[in-house]
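What follows is the content of target-v3.txt (compact mmCIF, C-alpha atoms).
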# COMPACT_ATOMS: atom_id res chain seq x y z
CA MET A 1 13.13 15.22 8.84
CA ASN A 2 9.40 14.78 8.23
CA ALA A 3 9.68 11.04 7.73
CA GLU A 4 6.93 8.48 7.43
CA SER A 5 9.39 6.44 9.35
CA ASN A 6 10.59 7.93 12.58
CA ALA A 7 11.43 4.63 14.21
CA GLU A 8 11.75 3.96 17.88
CA SER A 9 13.89 1.26 19.41
CA THR A 10 11.89 0.68 22.58
CA GLN A 11 9.74 -2.40 23.03
CA PRO A 12 6.25 -1.63 21.74
CA LYS A 13 3.09 -1.72 23.81
CA PRO A 14 -0.11 -3.43 22.58
CA ASP A 15 -1.88 -0.11 22.17
CA GLN A 16 -2.42 0.27 18.42
CA PHE A 17 -5.63 -0.58 16.53
CA GLY A 18 -7.58 -1.04 19.76
CA GLY A 19 -5.05 -3.39 21.37
CA PRO A 20 -5.42 -7.20 21.33
CA ILE A 21 -9.21 -7.06 20.91
CA GLY A 22 -8.90 -4.70 17.96
CA ALA A 23 -6.18 -6.89 16.44
CA LEU A 24 -8.43 -9.96 16.74
CA VAL A 25 -11.38 -8.13 15.18
CA LEU A 26 -9.27 -6.84 12.29
CA SER A 27 -7.76 -10.29 11.71
CA VAL A 28 -11.29 -11.53 11.03
CA VAL A 29 -12.84 -8.45 9.41
CA MET A 30 -10.10 -7.86 6.83
CA PRO A 31 -10.42 -11.26 5.11
CA VAL A 32 -14.22 -11.37 5.44
CA ALA A 33 -14.53 -7.86 3.95
CA SER A 34 -12.36 -8.89 1.00
CA PHE A 35 -14.50 -11.96 0.29
CA TYR A 36 -17.70 -9.95 0.70
CA LEU A 37 -16.55 -7.31 -1.79
CA TRP A 38 -15.48 -9.95 -4.30
CA SER A 39 -18.87 -11.63 -3.95
CA ALA A 40 -20.67 -8.29 -4.36
CA VAL A 41 -19.08 -7.89 -7.78
CA ALA A 42 -18.99 -11.54 -8.88
CA HIS A 43 -22.45 -12.64 -7.68
CA HIS A 44 -24.52 -9.51 -7.01
CA GLY A 45 -23.92 -7.15 -9.91
CA GLY A 46 -21.58 -4.91 -7.97
CA SER A 47 -24.13 -4.07 -5.27
CA MET A 48 -24.05 -4.33 -1.50
CA TRP A 49 -25.92 -7.42 -0.32
CA ILE A 50 -27.15 -9.16 2.81
CA PRO A 51 -26.69 -12.95 3.02
CA GLY A 52 -30.08 -14.60 2.90
CA SER A 53 -29.05 -18.22 3.19
CA VAL A 54 -26.20 -20.45 4.28
CA SER A 55 -25.48 -21.31 0.64
CA GLU A 56 -24.85 -17.63 -0.14
CA VAL A 57 -22.36 -17.40 2.71
CA VAL A 58 -20.62 -20.59 1.56
CA ALA A 59 -20.44 -19.25 -2.01
CA MET A 60 -18.59 -16.23 -0.64
CA PHE A 61 -15.57 -18.45 0.09
CA PRO A 62 -14.65 -20.33 -3.12
CA MET A 63 -12.34 -23.31 -3.01
CA PRO A 64 -8.84 -22.93 -4.48
CA THR A 65 -8.27 -24.63 -7.81
CA VAL A 66 -5.26 -26.16 -9.48
CA SER A 67 -5.33 -23.34 -12.02
CA SER A 68 -5.34 -20.65 -9.31
CA ALA A 69 -2.44 -22.38 -7.55
CA ALA A 70 -0.51 -22.52 -10.83
CA LEU A 71 -1.17 -18.82 -11.48
CA LEU A 72 0.04 -17.76 -8.05
CA ALA A 73 3.04 -20.09 -8.00
CA GLY A 74 4.05 -19.02 -11.51
CA TRP A 75 3.81 -15.33 -10.66
CA LEU A 76 5.84 -15.73 -7.47
CA ALA A 77 8.51 -17.72 -9.28
CA ILE A 78 8.79 -15.20 -12.12
CA GLN A 79 8.93 -12.21 -9.79
CA PHE A 80 11.49 -13.84 -7.51
CA ALA A 81 13.70 -14.67 -10.51
CA LEU A 82 13.42 -11.10 -11.83
CA TYR A 83 14.21 -9.72 -8.38
CA VAL A 84 17.24 -11.93 -7.71
CA TYR A 85 18.75 -12.09 -11.21
CA GLY A 86 17.45 -8.93 -12.91
CA PRO A 87 19.77 -5.93 -13.33
CA GLY A 88 19.69 -3.32 -10.61
CA PRO A 89 21.76 -1.94 -7.74
CA VAL A 90 21.79 -3.67 -4.35
CA VAL A 91 21.49 -1.20 -1.49
CA GLN A 92 21.43 -1.53 2.27
CA GLY A 93 18.49 -0.40 4.34
CA ARG A 94 18.65 1.56 7.55
CA PRO A 95 20.03 -0.25 10.59
CA ALA A 96 17.36 -1.88 12.74
CA HIS A 97 17.38 -1.35 16.52
CA ASN A 98 19.57 -4.46 16.82
CA GLY A 99 22.09 -3.12 14.28
CA GLU A 100 21.15 -5.46 11.43
CA ARG A 101 20.77 -4.03 7.92
CA ALA A 102 18.77 -5.77 5.23
CA GLU A 103 19.79 -5.68 1.55
CA TYR A 104 17.48 -4.73 -1.29
CA ARG A 105 17.81 -5.09 -5.05
CA ILE A 106 16.25 -2.02 -6.64
CA ASN A 107 15.06 -3.29 -10.01
CA GLY A 108 11.29 -2.98 -9.67
CA LEU A 109 10.91 -0.90 -12.85
CA PHE A 110 12.75 -3.56 -14.84
CA ALA A 111 10.57 -6.32 -13.38
CA PHE A 112 7.41 -4.29 -13.95
CA VAL A 113 8.22 -3.57 -17.61
CA VAL A 114 9.19 -7.18 -18.35
CA SER A 115 6.11 -8.56 -16.59
CA THR A 116 3.70 -6.09 -18.20
CA VAL A 117 5.07 -6.54 -21.72
CA ALA A 118 4.91 -10.33 -21.32
CA LEU A 119 1.34 -10.15 -19.98
CA VAL A 120 0.13 -7.83 -22.75
CA ALA A 121 1.79 -10.03 -25.37
CA ALA A 122 0.17 -13.16 -23.91
CA LEU A 123 -3.24 -11.48 -24.00
CA TYR A 124 -2.74 -10.06 -27.51
CA PHE A 125 -1.62 -13.36 -29.04
CA ASP A 126 -4.36 -15.34 -27.23
CA LEU A 127 -1.87 -17.26 -25.13
CA LEU A 128 -3.84 -16.12 -22.08
CA SER A 129 -7.51 -15.21 -21.75
CA ALA A 130 -8.48 -12.38 -19.41
CA GLY A 131 -11.85 -14.11 -18.93
CA TRP A 132 -10.11 -17.27 -17.79
CA VAL A 133 -8.13 -15.30 -15.21
CA LEU A 134 -11.39 -13.76 -13.96
CA ASP A 135 -12.80 -17.27 -13.55
CA GLN A 136 -9.92 -17.91 -11.12
CA TRP A 137 -10.40 -14.62 -9.27
CA GLY A 138 -12.35 -16.09 -6.35
CA PRO A 139 -10.12 -19.17 -5.95
CA LEU A 140 -7.07 -16.89 -6.13
CA LEU A 141 -8.53 -14.73 -3.37
CA THR A 142 -8.97 -17.79 -1.15
CA LEU A 143 -5.49 -19.06 -1.92
CA CYS A 144 -3.84 -15.70 -1.21
CA THR A 145 -5.74 -15.42 2.09
CA LEU A 146 -4.57 -18.87 3.16
CA PHE A 147 -1.03 -17.98 2.10
CA ALA A 148 -1.19 -14.85 4.28
CA LEU A 149 -2.37 -16.88 7.30
CA VAL A 150 0.35 -19.52 6.96
CA ALA A 151 3.08 -16.96 6.28
CA SER A 152 1.97 -14.93 9.31
CA ALA A 153 2.19 -17.99 11.54
CA LEU A 154 5.67 -18.87 10.27
CA CYS A 155 6.90 -15.30 10.77
CA HIS A 156 5.38 -15.24 14.25
CA VAL A 157 7.37 -18.34 15.22
CA ALA A 158 10.55 -17.01 13.59
CA GLY A 159 10.27 -13.74 15.48
CA ARG A 160 9.75 -15.52 18.80
CA ARG A 161 12.84 -17.64 18.20
CA ARG A 162 14.95 -14.53 17.63
CA GLY A 163 13.93 -13.25 21.07
CA GLU A 164 15.35 -9.86 22.01
CA LEU A 165 16.73 -9.33 18.49
CA GLU A 166 13.16 -8.45 17.53
CA ARG A 167 10.47 -6.24 19.05
CA SER A 168 7.14 -7.70 20.16
CA THR A 169 4.70 -7.19 23.01
CA GLY A 170 4.32 -10.77 24.25
CA ASN A 171 0.58 -10.79 23.52
CA THR A 172 0.02 -13.63 21.04
CA ILE A 173 -3.08 -12.24 19.33
CA TYR A 174 -1.68 -8.74 19.01
CA ASP A 175 1.73 -9.95 17.88
CA PHE A 176 0.21 -12.30 15.28
CA PHE A 177 -1.57 -9.33 13.72
CA LEU A 178 1.27 -6.80 13.89
CA GLY A 179 4.14 -9.27 13.70
CA THR A 180 7.14 -10.30 15.78
CA ILE A 181 9.87 -9.93 13.14
CA LEU A 182 10.97 -6.85 11.22
CA ASN A 183 12.87 -8.17 8.21
CA PRO A 184 12.44 -11.92 7.64
CA ARG A 185 14.71 -13.09 4.86
CA ILE A 186 15.44 -15.87 2.44
CA GLY A 187 19.20 -15.71 2.28
CA ARG A 188 19.91 -11.99 2.16
CA HIS A 189 16.61 -11.09 0.48
CA ASP A 190 14.06 -9.24 2.64
CA LEU A 191 10.64 -10.89 2.27
CA LYS A 192 8.73 -7.79 3.36
CA PHE A 193 10.19 -5.62 0.61
CA PHE A 194 9.72 -8.36 -1.99
CA PHE A 195 6.10 -9.06 -1.12
CA GLU A 196 5.11 -5.40 -0.90
CA SER A 197 6.79 -4.37 -4.14
CA ARG A 198 6.80 -7.39 -6.43
CA VAL A 199 3.76 -9.27 -5.12
CA GLY A 200 1.36 -6.64 -3.75
CA MET A 201 2.10 -3.90 -6.27
CA GLY A 202 3.03 -6.44 -8.94
CA ILE A 203 -0.26 -8.34 -8.83
CA TRP A 204 -2.17 -5.06 -8.64
CA ALA A 205 -0.37 -3.97 -11.83
CA ALA A 206 -1.22 -7.28 -13.53
CA PHE A 207 -4.89 -7.07 -12.49
CA ALA A 208 -5.00 -3.46 -13.74
CA VAL A 209 -4.09 -4.83 -17.19
CA ILE A 210 -6.31 -7.93 -17.09
CA LEU A 211 -9.54 -6.12 -16.13
CA PRO A 212 -9.64 -3.70 -19.09
CA ALA A 213 -8.50 -6.58 -21.30
CA ALA A 214 -11.55 -8.54 -20.06
CA GLN A 215 -13.81 -5.65 -21.07
CA LEU A 216 -12.23 -5.66 -24.52
CA GLU A 217 -12.86 -9.41 -24.76
CA THR A 218 -16.51 -9.19 -23.73
CA GLN A 219 -17.59 -5.81 -25.17
CA GLY A 220 -15.10 -5.10 -27.93
CA SER A 221 -14.19 -1.67 -26.58
CA LEU A 222 -13.22 0.16 -23.41
CA SER A 223 -15.76 2.33 -21.61
CA THR A 224 -14.89 5.90 -20.64
CA ALA A 225 -15.00 4.96 -16.96
CA MET A 226 -12.61 2.04 -17.50
CA ILE A 227 -10.20 4.27 -19.42
CA VAL A 228 -10.21 6.92 -16.69
CA VAL A 229 -9.64 4.51 -13.80
CA SER A 230 -7.02 2.52 -15.73
CA LEU A 231 -5.06 5.65 -16.64
CA CYS A 232 -5.18 6.95 -13.06
CA GLN A 233 -4.04 3.66 -11.58
CA ALA A 234 -1.36 3.21 -14.25
CA LEU A 235 0.14 6.57 -13.25
CA TYR A 236 0.21 5.53 -9.59
CA ILE A 237 1.69 2.10 -10.27
CA VAL A 238 4.36 3.31 -12.70
CA ASP A 239 5.32 6.07 -10.26
CA PHE A 240 5.81 3.49 -7.54
CA PHE A 241 8.18 1.36 -9.59
CA VAL A 242 10.12 4.33 -11.00
CA LEU A 243 10.74 5.51 -7.43
CA GLU A 244 10.86 2.09 -5.78
CA ALA A 245 13.90 3.05 -3.70
CA ASN A 246 11.70 5.48 -1.76
CA LEU A 247 9.98 2.47 -0.19
CA LEU A 248 13.10 1.95 1.92
CA SER A 249 12.31 5.10 3.92
CA MET A 250 8.66 4.24 4.52
CA ILE A 251 7.21 3.14 7.83
CA ASP A 252 6.14 -0.21 6.30
CA ILE A 253 9.74 -1.26 5.73
CA ILE A 254 11.76 0.23 8.59
CA GLU A 255 9.28 0.35 11.44
CA GLU A 256 6.44 -2.20 11.11
CA ASN A 257 6.95 -5.91 11.76
CA LEU A 258 5.74 -8.40 9.17
CA GLY A 259 2.58 -9.84 10.69
CA PHE A 260 -0.87 -10.69 9.40
CA MET A 261 -1.71 -7.03 8.84
CA LEU A 262 1.03 -6.63 6.23
CA TRP A 263 0.87 -10.17 4.83
CA HIS A 264 -2.84 -9.76 4.13
CA ALA A 265 -2.25 -6.24 2.78
CA PHE A 266 0.37 -7.41 0.30
CA LEU A 267 -1.32 -10.62 -0.85
CA VAL A 268 -5.00 -9.67 -0.70
CA TRP A 269 -5.87 -6.10 0.20
CA MET A 270 -3.75 -4.31 -2.39
CA PRO A 271 -4.29 -6.44 -5.49
CA PHE A 272 -7.91 -7.47 -4.94
CA ASN A 273 -9.44 -4.44 -3.20
CA PHE A 274 -7.48 -1.68 -4.92
CA THR A 275 -8.88 -2.84 -8.28
CA LEU A 276 -12.51 -2.77 -7.11
CA GLN A 277 -13.27 0.21 -9.36
CA GLN A 278 -12.27 -1.71 -12.49
CA GLN A 279 -14.04 -4.84 -11.26
CA TYR A 280 -17.22 -2.83 -10.70
CA ILE A 281 -16.98 -1.08 -14.08
CA LEU A 282 -16.56 -4.42 -15.81
CA GLU A 283 -19.71 -5.75 -14.13
CA ALA A 284 -22.00 -2.70 -13.90
CA ASP A 285 -20.72 -0.63 -16.88
CA PRO A 286 -21.53 2.82 -15.42
CA SER A 287 -21.84 5.78 -17.78
CA LEU A 288 -19.29 8.58 -17.48
CA PRO A 289 -19.67 11.76 -19.58
CA ILE A 290 -16.56 13.01 -21.35
CA VAL A 291 -16.60 16.30 -19.44
CA ALA A 292 -16.73 14.43 -16.11
CA ALA A 293 -13.94 12.14 -17.29
CA ALA A 294 -11.72 15.13 -18.11
CA GLY A 295 -12.47 16.67 -14.71
CA LEU A 296 -11.58 13.47 -12.88
CA LEU A 297 -8.32 13.13 -14.79
CA LEU A 298 -7.46 16.70 -13.76
CA LEU A 299 -8.42 15.94 -10.15
CA ASN A 300 -6.23 12.85 -10.16
CA THR A 301 -3.34 14.79 -11.71
CA ALA A 302 -3.64 17.46 -9.02
CA GLY A 303 -3.63 14.81 -6.30
CA TYR A 304 -0.65 13.10 -7.86
CA TYR A 305 1.25 16.40 -8.03
CA ILE A 306 0.67 17.11 -4.33
CA PHE A 307 1.53 13.51 -3.35
CA ARG A 308 4.70 13.24 -5.41
CA SER A 309 6.05 16.78 -5.01
CA ALA A 310 5.61 16.64 -1.22
CA ASN A 311 7.52 13.38 -0.97
CA LEU A 312 10.25 14.63 -3.30
CA GLN A 313 10.66 17.80 -1.21
CA LYS A 314 11.18 15.66 1.89
CA GLN A 315 13.72 13.43 0.17
CA GLN A 316 15.56 16.39 -1.39
CA PHE A 317 15.83 18.08 2.00
CA ARG A 318 17.33 14.91 3.50
CA ARG A 319 19.98 14.77 0.78
CA ASP A 320 20.80 18.47 0.61
CA PRO A 321 19.09 20.93 3.00
CA SER A 322 20.38 23.89 0.94
CA GLN A 323 18.46 23.00 -2.24
CA PRO A 324 15.61 25.49 -2.94
CA ILE A 325 12.00 24.47 -2.37
CA TRP A 326 9.39 26.43 -4.29
CA GLY A 327 12.22 28.72 -5.42
CA LYS A 328 13.35 29.66 -1.92
CA THR A 329 15.97 28.47 0.56
CA PRO A 330 14.27 25.89 2.81
CA GLN A 331 13.33 26.93 6.32
CA SER A 332 13.84 24.33 9.04
CA MET A 333 13.86 23.87 12.79
CA GLN A 334 16.88 22.44 14.62
CA THR A 335 16.10 19.75 17.22
CA LYS A 336 17.99 18.55 20.26
CA ARG A 337 18.59 15.25 18.48
CA GLY A 338 20.78 17.09 15.97
CA THR A 339 18.35 16.66 13.06
CA LYS A 340 16.17 19.27 11.39
CA LEU A 341 12.42 19.46 10.78
CA LEU A 342 11.44 20.92 7.42
CA LEU A 343 9.20 24.01 7.50
CA SER A 344 9.11 24.85 3.79
CA GLY A 345 7.08 23.70 0.80
CA TRP A 346 4.24 21.34 1.49
CA TRP A 347 5.81 20.49 4.85
CA GLY A 348 5.32 24.04 6.03
CA VAL A 349 1.64 23.91 5.01
CA ALA A 350 0.68 20.61 6.65
CA ARG A 351 2.54 17.82 8.42
CA HIS A 352 1.37 15.24 5.88
CA ALA A 353 0.19 17.08 2.78
CA ASN A 354 1.32 14.03 0.81
CA TYR A 355 -1.64 12.19 2.35
CA LEU A 356 -3.94 14.89 0.96
CA GLY A 357 -2.64 14.03 -2.50
CA ASP A 358 -3.25 10.34 -1.87
CA MET A 359 -6.82 11.02 -0.73
CA THR A 360 -7.51 13.21 -3.77
CA MET A 361 -6.45 10.45 -6.15
CA ALA A 362 -8.60 7.95 -4.27
CA PHE A 363 -11.68 10.14 -4.72
CA ALA A 364 -10.98 10.49 -8.46
CA TRP A 365 -10.84 6.73 -8.96
CA CYS A 366 -14.07 6.13 -7.06
CA LEU A 367 -16.06 9.00 -8.60
CA ALA A 368 -15.40 7.55 -12.05
CA CYS A 369 -17.72 4.68 -11.09
CA GLY A 370 -20.77 6.90 -10.64
CA PHE A 371 -23.19 6.58 -7.74
CA GLY A 372 -24.90 3.27 -8.41
CA SER A 373 -23.25 1.40 -5.54
CA LEU A 374 -21.08 1.86 -2.46
CA VAL A 375 -18.87 -1.08 -3.45
CA PRO A 376 -16.38 0.87 -5.64
CA TYR A 377 -16.21 3.53 -2.93
CA PHE A 378 -14.80 1.05 -0.44
CA TYR A 379 -11.30 2.18 -1.40
CA VAL A 380 -11.79 5.77 -0.32
CA LEU A 381 -13.96 4.81 2.68
CA TYR A 382 -11.11 2.65 3.95
CA PHE A 383 -8.18 4.70 2.71
CA VAL A 384 -9.05 8.05 4.29
CA PRO A 385 -9.38 6.62 7.84
CA LEU A 386 -6.20 4.60 7.25
CA LEU A 387 -4.20 7.71 6.38
CA ILE A 388 -5.68 9.63 9.31
CA ASP A 389 -4.70 6.77 11.62
CA ARG A 390 -1.24 6.56 10.07
CA GLU A 391 -0.70 10.29 10.58
CA ARG A 392 -1.76 9.91 14.22
CA ARG A 393 0.61 6.99 14.72
CA ASP A 394 3.47 8.88 13.10
CA ASN A 395 2.67 11.89 15.29
CA THR A 396 2.93 9.70 18.41
CA ILE A 397 6.27 8.29 17.26
CA CYS A 398 7.61 11.78 16.53
CA GLN A 399 6.39 13.02 19.92
CA ARG A 400 8.39 10.28 21.66
CA LYS A 401 11.39 10.91 19.44
CA TYR A 402 11.60 14.72 19.53
CA GLY A 403 9.82 15.60 22.79
CA ASP A 404 9.12 19.30 23.25
CA ASP A 405 10.82 20.04 19.90
CA TRP A 406 7.89 18.27 18.26
CA ASP A 407 5.45 20.41 20.23
CA ARG A 408 7.18 23.52 18.91
CA TYR A 409 7.07 22.13 15.38
CA CYS A 410 3.33 21.46 15.67
CA GLU A 411 2.80 25.05 16.74
CA LYS A 412 4.55 26.20 13.58
CA VAL A 413 2.72 23.68 11.36
CA PRO A 414 -0.65 23.21 13.07
CA TYR A 415 -2.47 21.36 10.27
CA ARG A 416 -2.08 17.61 10.06
CA ILE A 417 -3.19 16.76 6.49
CA ILE A 418 -5.60 19.31 4.98
CA PRO A 419 -4.38 22.92 5.21
CA TRP A 420 -6.73 25.21 7.16
CA VAL A 421 -9.15 22.31 7.75
CA TYR A 422 -7.46 19.41 9.58
As a first step, turn the structure in this file into structure tokens.
Amino acid sequence: MNAESNAESTQPKPDQFGGPIGALVLSVVMPVASFYLWSAVAHHGGSMWIPGSVSEVVAMFPMPTVSSAALLAGWLAIQFALYVYGPGPVVQGRPAHNGERAEYRINGLFAFVVSTVALVAALYFDLLSAGWVLDQWGPLLTLCTLFALVASALCHVAGRRRGELERSTGNTIYDFFLGTILNPRIGRHDLKFFFESRVGMGIWAAFAVILPAAQLETQGSLSTAMIVVSLCQALYIVDFFVLEANLLSMIDIIEENLGFMLWHAFLVWMPFNFTLQQQYILEADPSLPIVAAAGLLLLNTAGYYIFRSANLQKQQFRRDPSQPIWGKTPQSMQTKRGTKLLLSGWWGVARHANYLGDMTMAFAWCLACGFGSLVPYFYVLYFVPLLIDRERRDNTICQRKYGDDWDRYCEKVPYRIIPWVY
């Protein structure tokens, strides 16, 4: 199976992301980069900037407010209530190396629809002002960063207390960043799944509504660029919640511990940095010709098709290896482990063609912002290296798991992400 999640049960070594030094650097750079990008939009017209005084640096880190705390607490409470009490099947995840299996309530689409309808209604009937939410953007960023730090520390301690039930390296800095516990829970509810789906993706979805609403409030209409980016992101977000169960087979859930890397990703990186295009458009109002807009929508659709169809082929093959792919009986390679590696469809073209689709969509979102600043291009500048690194990490895991069978597979499918290129 060409999984994003070929998990190993051996104790990990501190050799990812540059080891302990790399983990320390990233623990500092990730929050600072997020504050810098927010400041670039909020204080510098959406342009890159160089701090010229201490006061400018201080202004980059706004103090939390009571309103921002109320917004975050209210969202968490609503999402937790929808997750626990909303309708939806409860399924068990894959067994961890210690045999434990977490439970997940799959009702993300229900929660998304309820939350979005309520948010749109609140904005339409003037119960909530998009401009007021934007005033709390900086304080919310600070509050979410602090939340990530505290939650990471608590999870670090919890993982240490569980000892050999969890996997960690013993290096404090490295383990703080990558985590010491796989599935921390409140009762039977897995915090990692909840915060990735309902908080990370959920806040991103809410911001993706609030930002165009803010443009309507201030300008009375939506720009072509805002429409393009909003439509592209809406497709991605809705797709995630429709197929939320697929998250249970991803490396985030079944392989990676919940440390600062994921806490910051869920609370800060996804909602605040993945909406940079809309933030920039709201501030800089770039012009986008209709012909270019149509081309970018087509580019995004093509990327989405590659991304989604590749993942669906993988999942279909897991369920029923006899089901046709691209109209033909799937070809596969038997391994000594007793499992099969798919050689048909996108998985016979490249080992992670789904990442090619992801990259294509990222370019479409960024190109809609024009070429006036590098700030809205941060998403693609970060995302492409991330996917390349993730493919390399998955390749290493598969090499350990399948041995020389993986070498034979790589000979049959030599391209990693981009067919005939890479």
Set the distance at 9 Å and use only C-alpha atoms: which residues neighbour Ser27 in chain A once local chain neighbours fewer than 2 positions away are removed? I'd like the list as an MDAnalysis selection string. chainID A and resid 22:25 29:31 176:177 260:261
request  = Kindly indicate which residue among A:Arg94, A:Ile173, A:Cys366, A:Ala205 lies nearest to Val117 in chain A, using all atoms listed in the file for the distances.
outcome  =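 Checking each candidate against Val117 in chain A, we get A:Ala205 as the closest.
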| query | Which residue, A:Val66, A:Met48, A:Leu82, A:Val28, has the smallest gap to Phe378 in chain A when you use all atoms listed in the file? | reply |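 Of all the options, A:Met48 lies closest to Phe378 in chain A.
Ranking A:Ser344, A:Ser39, A:Gln233, A:Ser197 by their shortest atom-to-atom distance to Leu76 in chain A, with only C-alpha atoms included, puts A:Ser197 first.
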- request: Would you work out the distance separating CA of Thr218 in chain A from CA of Trp137 in chain A, expressed in Å to one decimal?
  value: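 Calculated distance between CA of Thr218 in chain A and CA of Trp137 in chain A is 16.6 Å.
Comparing A:Ile50, A:Val291, A:Ala102, A:Ala364 by their smallest distance to Ser230 in chain A, the closest is A:Ala364 (using only C-alpha atoms).
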* To do: Would you mind telling me which residue in A:Gln16, A:Ala353, A:Ala245, A:Lys336 lies nearest to Asp404 in chain A when using all atoms listed in the file?
  =>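 Smallest separation from Asp404 in chain A among the options: A:Lys336.
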Using only C-alpha atoms, which residues of range 159-271 of chain A come within 9 Å of range 296-304 of chain A, and what is the closest atom pair for each, with the distance in Å to one decimal? Give it as a tab-separated table, sorted by chain and residue number.
residue	atom	partner	partner_atom	distance
A:Val228	CA	A:Leu297	CA	6.8
A:Val229	CA	A:Leu297	CA	8.8
A:Leu231	CA	A:Leu297	CA	8.4
A:Cys232	CA	A:Asn300	CA	6.7
A:Leu235	CA	A:Tyr304	CA	8.5
A:Tyr236	CA	A:Tyr304	CA	7.8
Write a file of the just-selected residues containing C-alpha atoms, as a PDB file, in the coordinates of the input.
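So out-v1.pdb came out as:
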ATOM      1  CA  VAL A 228     -10.210   6.920 -16.690  1.00  0.00           C
ATOM      2  CA  VAL A 229      -9.640   4.510 -13.800  1.00  0.00           C
ATOM      3  CA  LEU A 231      -5.060   5.650 -16.640  1.00  0.00           C
ATOM      4  CA  CYS A 232      -5.180   6.950 -13.060  1.00  0.00           C
ATOM      5  CA  LEU A 235       0.140   6.570 -13.250  1.00  0.00           C
ATOM      6  CA  TYR A 236       0.210   5.530  -9.590  1.00  0.00           C
TER       7      TYR A 236
END
Original post:
Which residue gives the smallest distance to Leu165 in chain A among A:Arg188, A:Arg105, A:His97, A:His264, with all atoms listed in the file counted?
Top reply: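 That would be A:His97, the residue with the smallest distance to Leu165 in chain A.
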Just the residues within 10 Å of Phe207 in chain A, please, counting only C-alpha atoms, with nothing from its chain fewer than 2 positions along; format it as a ChimeraX atom specification. /A:130,133-134,137,201-205,209-213,271-272,274-275,278-279
Expressed in Å, the length from CA of Thr180 in chain A to CA of Leu258 in chain A is 7.0 Å
Counting only C-alpha atoms, which residues have an atom no more than 12 Å from (10.4, -11.9, -0.6) in the file's coordinates? Please list them as a ChimeraX atom specification. /A:76-77,79-84,102-105,151,183-200,258,263,266-267
